[in-house]
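Chemist: First the structure, which I've put down as structure tokens, then a few questions once you've had a look.
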Amino acid sequence: MSLLQALQAHTLPEKYRNMSTAELERKVHSIKEEMGERLFIPCHHYQKDEVFQFADVTGDSLKLAQLSQANRKAEYIAFCGVHFMAETADILTAENQQVFLPDMRAGCSMADMADIYQTERAWDKLQSLFGDTLLPLTYVNSTAAIKAFVGKHGGATVTSSNAEQMVQWAFSQKERILFLPDQHLGRNTAYNLGVRLEEMAIWDPIENKLVFDGPLETAKVILWKGHCSVHENFTVANVQQVRKNYPNMKIIVHPECSREVVELADLAGSTNYIIQAIEQAEPDSSWAIGTEMNLVNRIIQQHPDKQIISLNPHMCPCLTMNRIDLPHLAWCLDSIKQGERRNIIQVDQQTTGFATQALERMLALSV
Ligand code: 13P
Ligand code: SF4
């Protein structure tokens, strides 16, 4: 297939752009009804409402991984989330189950901040500095190749809802950890577990070097220099503004926010944690939320009894999550129905083998 043909195969046909919302919704409804349990649509909390309404299950990364693994009935899984989540679903499902991503451009800028070549290069250098004292952990927001690398070296994946448990586990295996690719989740988690900031080094994958001021033997956590381009937009100035304008407002953020923001917030946790905290909060309570806007807007709509705002009033949704829209979902389901092999996420066997080890170590420790 030429590059042009490949591009065309992944580009939404004009027909779906020209359909009305009502027509698209009817199409999705009727294909769902016709295919029944043969089709499964897991949907992440950051998805747009126009897609979210068709979810069979919704959740954070951990829950979606668990539910994808548990579902043995569906032949087709149309994953409404980003590329790494669909890869995880493919790794955890059986061979006869096929995973589709409605728009192949739905990546994650954080996952793109660690590629396998940089990781192998980093590992060689870190081994020469620290010997066999290091265990790799990767946030699930990473490619299947990175998960496989971690699995092959005895490590595990983590999500934002089990990161503390997994870092604790890692320290029961080895003296120090390499945490990929989100420096903020790594730093926030290790800090909560009592690791001091002076004991955390940074691995710069572009410069291919370790950034650390102290004596090498005191480094306990090596943080990959990656971040989420959505959550980095919540700043200390945003927190100060909320504290000034709304003295009684509680601030809750995702742990992909920087250490400084998490430190100043009242609460921090995964998307599921944020949803539950607001559900359980007193009526009339007021909240500033530091996470992706599709989710914040949904929470605002679901809780008219509470005053809820975004921690950053100028936030945008996650652009890559937003690429999965109703026309792409309708196109994807149409293709599945017609037996067309497009937008399939298929992780090769060798990568699946090692990545499964990393994911299974995490799932065994998560309830
Ligand atoms: P959760 O696992 O908390 O849903 O987070 C996924 C994610 O990509 C956050 O940016
Ligand atoms: Fe990736 Fe950030 Fe979007 Fe989550 S919010 S999918 S980490 S870019």
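Every chain in the structure tokens takes a letter, A first, then B, and so on in the order presented; its residues are numbered from 1, and the ligands are numbered from 1 following the presented order.
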Using DSSP on the backbone coordinates, identify the residues of segment 10-56 of chain A assigned to strand (DSSP E); present them as a list of chain:residue names.

Modeler: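 Everything in segment 10-56 of chain A that counts as strand (DSSP E) is A:Leu39, A:Phe40, A:Pro42, A:Cys43, A:His44.
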
Chemist: Distance limit 7 Å, reference ligand 2, atoms considered: only C-alpha atoms and all ligand atoms. Which residues make the cut? Give them as a list in words.

Modeler: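 Checked against 7 Å with only C-alpha atoms and all ligand atoms; the hits are Val82, Cys108, Ser109, Met110, Ala111, Asn141, Cys228, Ser229, Val230, His231, Glu292, Cys318, Thr320 and Met321 of chain A.
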
Chemist: Contacts of segment 159-165 of chain A at 9 Å or less, counting only C-alpha atoms, minus same-chain residues fewer than 2 places along, as a PDB file with N, CA, C and O atoms, in the first residue's frame?

Modeler:
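In the end it all went to result.pdb:
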```pdb
ATOM      1  N   ASP A  60     -11.892   4.990  33.919  1.00  0.00           N
ATOM      2  CA  ASP A  60     -10.534   5.502  33.796  1.00  0.00           C
ATOM      3  C   ASP A  60      -9.692   4.417  33.128  1.00  0.00           C
ATOM      4  O   ASP A  60     -10.208   3.339  32.773  1.00  0.00           O
ATOM      5  N   SER A  61      -8.402   4.665  32.980  1.00  0.00           N
ATOM      6  CA  SER A  61      -7.559   3.715  32.235  1.00  0.00           C
ATOM      7  C   SER A  61      -7.558   2.330  32.884  1.00  0.00           C
ATOM      8  O   SER A  61      -7.591   1.317  32.183  1.00  0.00           O
ATOM      9  N   LEU A  62      -7.508   2.302  34.220  1.00  0.00           N
ATOM     10  CA  LEU A  62      -7.451   0.996  34.889  1.00  0.00           C
ATOM     11  C   LEU A  62      -8.746   0.220  34.658  1.00  0.00           C
ATOM     12  O   LEU A  62      -8.731  -0.944  34.249  1.00  0.00           O
ATOM     13  N   THR A 138       6.207   1.727  33.957  1.00  0.00           N
ATOM     14  CA  THR A 138       5.679   2.692  33.008  1.00  0.00           C
ATOM     15  C   THR A 138       4.211   2.977  33.268  1.00  0.00           C
ATOM     16  O   THR A 138       3.424   2.079  33.544  1.00  0.00           O
ATOM     17  N   TYR A 139       3.893   4.257  33.202  1.00  0.00           N
ATOM     18  CA  TYR A 139       2.494   4.687  33.203  1.00  0.00           C
ATOM     19  C   TYR A 139       1.857   4.025  31.977  1.00  0.00           C
ATOM     20  O   TYR A 139       2.524   3.903  30.931  1.00  0.00           O
ATOM     21  N   VAL A 140       0.587   3.609  32.082  1.00  0.00           N
ATOM     22  CA  VAL A 140      -0.040   2.972  30.915  1.00  0.00           C
ATOM     23  C   VAL A 140      -0.082   3.908  29.705  1.00  0.00           C
ATOM     24  O   VAL A 140      -0.226   3.445  28.572  1.00  0.00           O
ATOM     25  N   ASN A 141       0.063   5.212  29.944  1.00  0.00           N
ATOM     26  CA  ASN A 141       0.114   6.180  28.839  1.00  0.00           C
ATOM     27  C   ASN A 141       1.464   6.060  28.136  1.00  0.00           C
ATOM     28  O   ASN A 141       2.322   6.940  28.220  1.00  0.00           O
ATOM     29  N   THR A 157       3.324  -1.996  34.646  1.00  0.00           N
ATOM     30  CA  THR A 157       2.640  -0.757  34.286  1.00  0.00           C
ATOM     31  C   THR A 157       1.994  -0.180  35.548  1.00  0.00           C
ATOM     32  O   THR A 157       1.821  -0.895  36.549  1.00  0.00           O
ATOM     33  N   VAL A 167       4.386   1.647  42.927  1.00  0.00           N
ATOM     34  CA  VAL A 167       5.722   2.147  43.283  1.00  0.00           C
ATOM     35  C   VAL A 167       6.208   1.423  44.553  1.00  0.00           C
ATOM     36  O   VAL A 167       7.362   1.011  44.654  1.00  0.00           O
ATOM     37  N   GLN A 168       5.279   1.198  45.487  1.00  0.00           N
ATOM     38  CA  GLN A 168       5.643   0.443  46.693  1.00  0.00           C
ATOM     39  C   GLN A 168       6.127  -0.962  46.320  1.00  0.00           C
ATOM     40  O   GLN A 168       7.121  -1.457  46.822  1.00  0.00           O
ATOM     41  N   TRP A 169       5.368  -1.582  45.425  1.00  0.00           N
ATOM     42  CA  TRP A 169       5.749  -2.921  44.960  1.00  0.00           C
ATOM     43  C   TRP A 169       7.141  -2.882  44.317  1.00  0.00           C
ATOM     44  O   TRP A 169       7.990  -3.742  44.590  1.00  0.00           O
ATOM     45  N   ALA A 170       7.374  -1.861  43.480  1.00  0.00           N
ATOM     46  CA  ALA A 170       8.664  -1.762  42.779  1.00  0.00           C
ATOM     47  C   ALA A 170       9.815  -1.680  43.780  1.00  0.00           C
ATOM     48  O   ALA A 170      10.854  -2.328  43.606  1.00  0.00           O
ATOM     49  N   LEU A 185       3.451  12.376  37.392  1.00  0.00           N
ATOM     50  CA  LEU A 185       2.835  11.274  38.139  1.00  0.00           C
ATOM     51  C   LEU A 185       3.912  10.557  38.963  1.00  0.00           C
ATOM     52  O   LEU A 185       3.687  10.214  40.137  1.00  0.00           O
ATOM     53  N   GLY A 186       5.079  10.359  38.378  1.00  0.00           N
ATOM     54  CA  GLY A 186       6.170   9.689  39.094  1.00  0.00           C
ATOM     55  C   GLY A 186       6.581  10.476  40.335  1.00  0.00           C
ATOM     56  O   GLY A 186       6.687   9.929  41.435  1.00  0.00           O
ATOM     57  N   THR A 189       3.747  10.654  43.046  1.00  0.00           N
ATOM     58  CA  THR A 189       3.540   9.365  43.714  1.00  0.00           C
ATOM     59  C   THR A 189       4.679   9.061  44.682  1.00  0.00           C
ATOM     60  O   THR A 189       4.440   8.706  45.846  1.00  0.00           O
ATOM     61  N   ALA A 190       5.908   9.210  44.193  1.00  0.00           N
ATOM     62  CA  ALA A 190       7.055   8.898  45.047  1.00  0.00           C
ATOM     63  C   ALA A 190       7.078   9.823  46.271  1.00  0.00           C
ATOM     64  O   ALA A 190       7.334   9.390  47.394  1.00  0.00           O
ATOM     65  N   ASN A 192       4.543  11.234  47.780  1.00  0.00           N
ATOM     66  CA  ASN A 192       3.521  10.789  48.749  1.00  0.00           C
ATOM     67  C   ASN A 192       3.988   9.585  49.550  1.00  0.00           C
ATOM     68  O   ASN A 192       3.514   9.342  50.649  1.00  0.00           O
ATOM     69  N   LEU A 193       4.894   8.818  48.960  1.00  0.00           N
ATOM     70  CA  LEU A 193       5.391   7.629  49.658  1.00  0.00           C
ATOM     71  C   LEU A 193       6.642   7.930  50.495  1.00  0.00           C
ATOM     72  O   LEU A 193       7.284   7.024  51.012  1.00  0.00           O
ATOM     73  N   HIS A 254      -5.849  16.168  38.788  1.00  0.00           N
ATOM     74  CA  HIS A 254      -5.292  14.881  38.348  1.00  0.00           C
ATOM     75  C   HIS A 254      -3.792  14.883  38.665  1.00  0.00           C
ATOM     76  O   HIS A 254      -3.142  15.929  38.544  1.00  0.00           O
ATOM     77  N   PRO A 255      -3.220  13.719  39.049  1.00  0.00           N
ATOM     78  CA  PRO A 255      -1.790  13.713  39.409  1.00  0.00           C
ATOM     79  C   PRO A 255      -0.834  13.876  38.225  1.00  0.00           C
ATOM     80  O   PRO A 255       0.382  13.827  38.413  1.00  0.00           O
ATOM     81  N   GLU A 256      -1.354  14.094  37.031  1.00  0.00           N
ATOM     82  CA  GLU A 256      -0.487  14.483  35.905  1.00  0.00           C
ATOM     83  C   GLU A 256      -0.133  15.975  35.996  1.00  0.00           C
ATOM     84  O   GLU A 256       0.667  16.469  35.199  1.00  0.00           O
ATOM     85  N   GLY A 269      -6.165  12.863  42.288  1.00  0.00           N
ATOM     86  CA  GLY A 269      -6.424  11.450  41.967  1.00  0.00           C
ATOM     87  C   GLY A 269      -6.855  11.268  40.521  1.00  0.00           C
ATOM     88  O   GLY A 269      -7.038  12.239  39.778  1.00  0.00           O
ATOM     89  N   SER A 270      -7.062  10.017  40.165  1.00  0.00           N
ATOM     90  CA  SER A 270      -7.416   9.640  38.789  1.00  0.00           C
ATOM     91  C   SER A 270      -8.775  10.223  38.396  1.00  0.00           C
ATOM     92  O   SER A 270      -9.492  10.787  39.237  1.00  0.00           O
ATOM     93  N   THR A 271      -9.152  10.062  37.151  1.00  0.00           N
ATOM     94  CA  THR A 271     -10.449  10.580  36.707  1.00  0.00           C
ATOM     95  C   THR A 271     -11.591   9.938  37.513  1.00  0.00           C
ATOM     96  O   THR A 271     -12.526  10.627  37.898  1.00  0.00           O
ATOM     97  N   ASN A 272     -11.491   8.652  37.786  1.00  0.00           N
ATOM     98  CA  ASN A 272     -12.530   7.999  38.603  1.00  0.00           C
ATOM     99  C   ASN A 272     -12.589   8.595  40.000  1.00  0.00           C
ATOM    100  O   ASN A 272     -13.668   8.816  40.560  1.00  0.00           O
ATOM    101  N   TYR A 273     -11.421   8.846  40.573  1.00  0.00           N
ATOM    102  CA  TYR A 273     -11.335   9.426  41.915  1.00  0.00           C
ATOM    103  C   TYR A 273     -12.013  10.799  41.936  1.00  0.00           C
ATOM    104  O   TYR A 273     -12.792  11.114  42.850  1.00  0.00           O
ATOM    105  N   MET A 362       0.534  -5.590  37.172  1.00  0.00           N
ATOM    106  CA  MET A 362      -0.283  -4.500  37.718  1.00  0.00           C
ATOM    107  C   MET A 362      -1.695  -5.000  38.063  1.00  0.00           C
ATOM    108  O   MET A 362      -2.204  -4.730  39.160  1.00  0.00           O
ATOM    109  N   LEU A 365      -2.206  -6.817  41.251  1.00  0.00           N
ATOM    110  CA  LEU A 365      -2.139  -6.019  42.482  1.00  0.00           C
ATOM    111  C   LEU A 365      -3.261  -5.002  42.599  1.00  0.00           C
ATOM    112  O   LEU A 365      -3.342  -4.247  43.568  1.00  0.00           O
ATOM    113  N   SER A 366      -4.135  -4.942  41.576  1.00  0.00           N
ATOM    114  CA  SER A 366      -5.212  -3.936  41.593  1.00  0.00           C
ATOM    115  C   SER A 366      -6.561  -4.625  41.711  1.00  0.00           C
ATOM    116  O   SER A 366      -6.813  -5.592  41.001  1.00  0.00           O
TER     117      SER A 366
END
```

Chemist: Using only C-alpha atoms, which protein or nucleic acid residues come within 9 Å of Lys220 of chain A? Drop anything in the same chain fewer than 3 positions from it, and give the result as a list in words.

Modeler: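 Contacts, with the query itself left out: Leu134, Glu175, Arg176, Ile177, Leu178, Val195, Arg196, Glu199, Met200, Ala201 and Glu217 of chain A.
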
Chemist: What is the distance, in Å and to one decimal place, between atom 8 (O, counted along the ligand's line) of ligand 1 and atom CA of Val296 of chain A?

Modeler: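 According to the coordinates, atom 8 (O, counted along the ligand's line) of ligand 1 and atom CA of Val296 of chain A are separated by 14.0 Å.
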
Chemist: Quick one: residues within 7 Å of segment 116-126 of chain A, only C-alpha atoms counted, chain neighbours fewer than 2 positions away excluded, as a CSV table (one decimal) with all heavy atoms, in the first residue's frame?

Modeler:
```csv
chain,number,residue,atom,x,y,z
A,114,ALA,N,8.2,9.1,24.9
A,114,ALA,CA,9.2,8.0,25.2
A,114,ALA,C,9.1,7.0,24.0
A,114,ALA,O,8.1,6.3,24.0
A,114,ALA,CB,8.9,7.4,26.5
A,128,SER,N,24.9,1.3,33.4
A,128,SER,CA,26.3,1.5,33.6
A,128,SER,C,26.5,2.4,34.8
A,128,SER,O,27.5,2.3,35.5
A,128,SER,CB,27.0,2.1,32.4
A,128,SER,OG,26.5,3.4,32.2
A,129,LEU,N,25.5,3.3,35.1
A,129,LEU,CA,25.6,4.1,36.3
A,129,LEU,C,25.2,3.4,37.6
A,129,LEU,O,25.8,3.6,38.7
A,129,LEU,CB,24.7,5.4,36.1
A,129,LEU,CG,25.1,6.4,35.0
A,129,LEU,CD1,24.1,7.5,34.9
A,129,LEU,CD2,26.5,7.0,35.4
A,130,PHE,N,24.1,2.6,37.5
A,130,PHE,CA,23.5,2.1,38.7
A,130,PHE,C,23.6,0.6,38.9
A,130,PHE,O,23.1,0.0,39.9
A,130,PHE,CB,22.0,2.5,38.8
A,130,PHE,CG,21.8,4.0,39.0
A,130,PHE,CD1,21.3,4.7,37.9
A,130,PHE,CD2,22.1,4.6,40.1
A,130,PHE,CE1,21.1,6.1,38.0
A,130,PHE,CE2,21.9,6.0,40.3
A,130,PHE,CZ,21.5,6.8,39.2
A,145,ALA,N,5.3,-1.0,22.9
A,145,ALA,CA,6.8,-1.4,22.9
A,145,ALA,C,7.4,-1.0,24.3
A,145,ALA,O,8.2,-1.8,24.8
A,145,ALA,CB,7.5,-0.6,21.8
A,146,ILE,N,7.0,0.1,24.8
A,146,ILE,CA,7.6,0.5,26.1
A,146,ILE,C,7.0,-0.5,27.2
A,146,ILE,O,7.8,-0.9,28.1
A,146,ILE,CB,7.2,1.9,26.5
A,146,ILE,CG1,7.7,2.9,25.5
A,146,ILE,CG2,7.7,2.3,27.9
A,146,ILE,CD1,9.2,3.1,25.4
A,205,PRO,N,15.5,12.5,27.7
A,205,PRO,CA,15.7,11.6,26.6
A,205,PRO,C,16.2,12.3,25.3
A,205,PRO,O,16.7,11.6,24.4
A,205,PRO,CB,14.2,11.0,26.4
A,205,PRO,CG,13.3,12.0,27.0
A,205,PRO,CD,14.1,12.7,28.1
A,208,ASN,N,19.8,12.7,26.2
A,208,ASN,CA,20.3,11.4,26.6
A,208,ASN,C,21.2,11.5,27.8
A,208,ASN,O,22.4,11.0,27.8
A,208,ASN,CB,21.1,10.8,25.4
A,208,ASN,CG,21.4,9.3,25.7
A,208,ASN,OD1,20.5,8.6,26.2
A,208,ASN,ND2,22.5,8.8,25.2
```
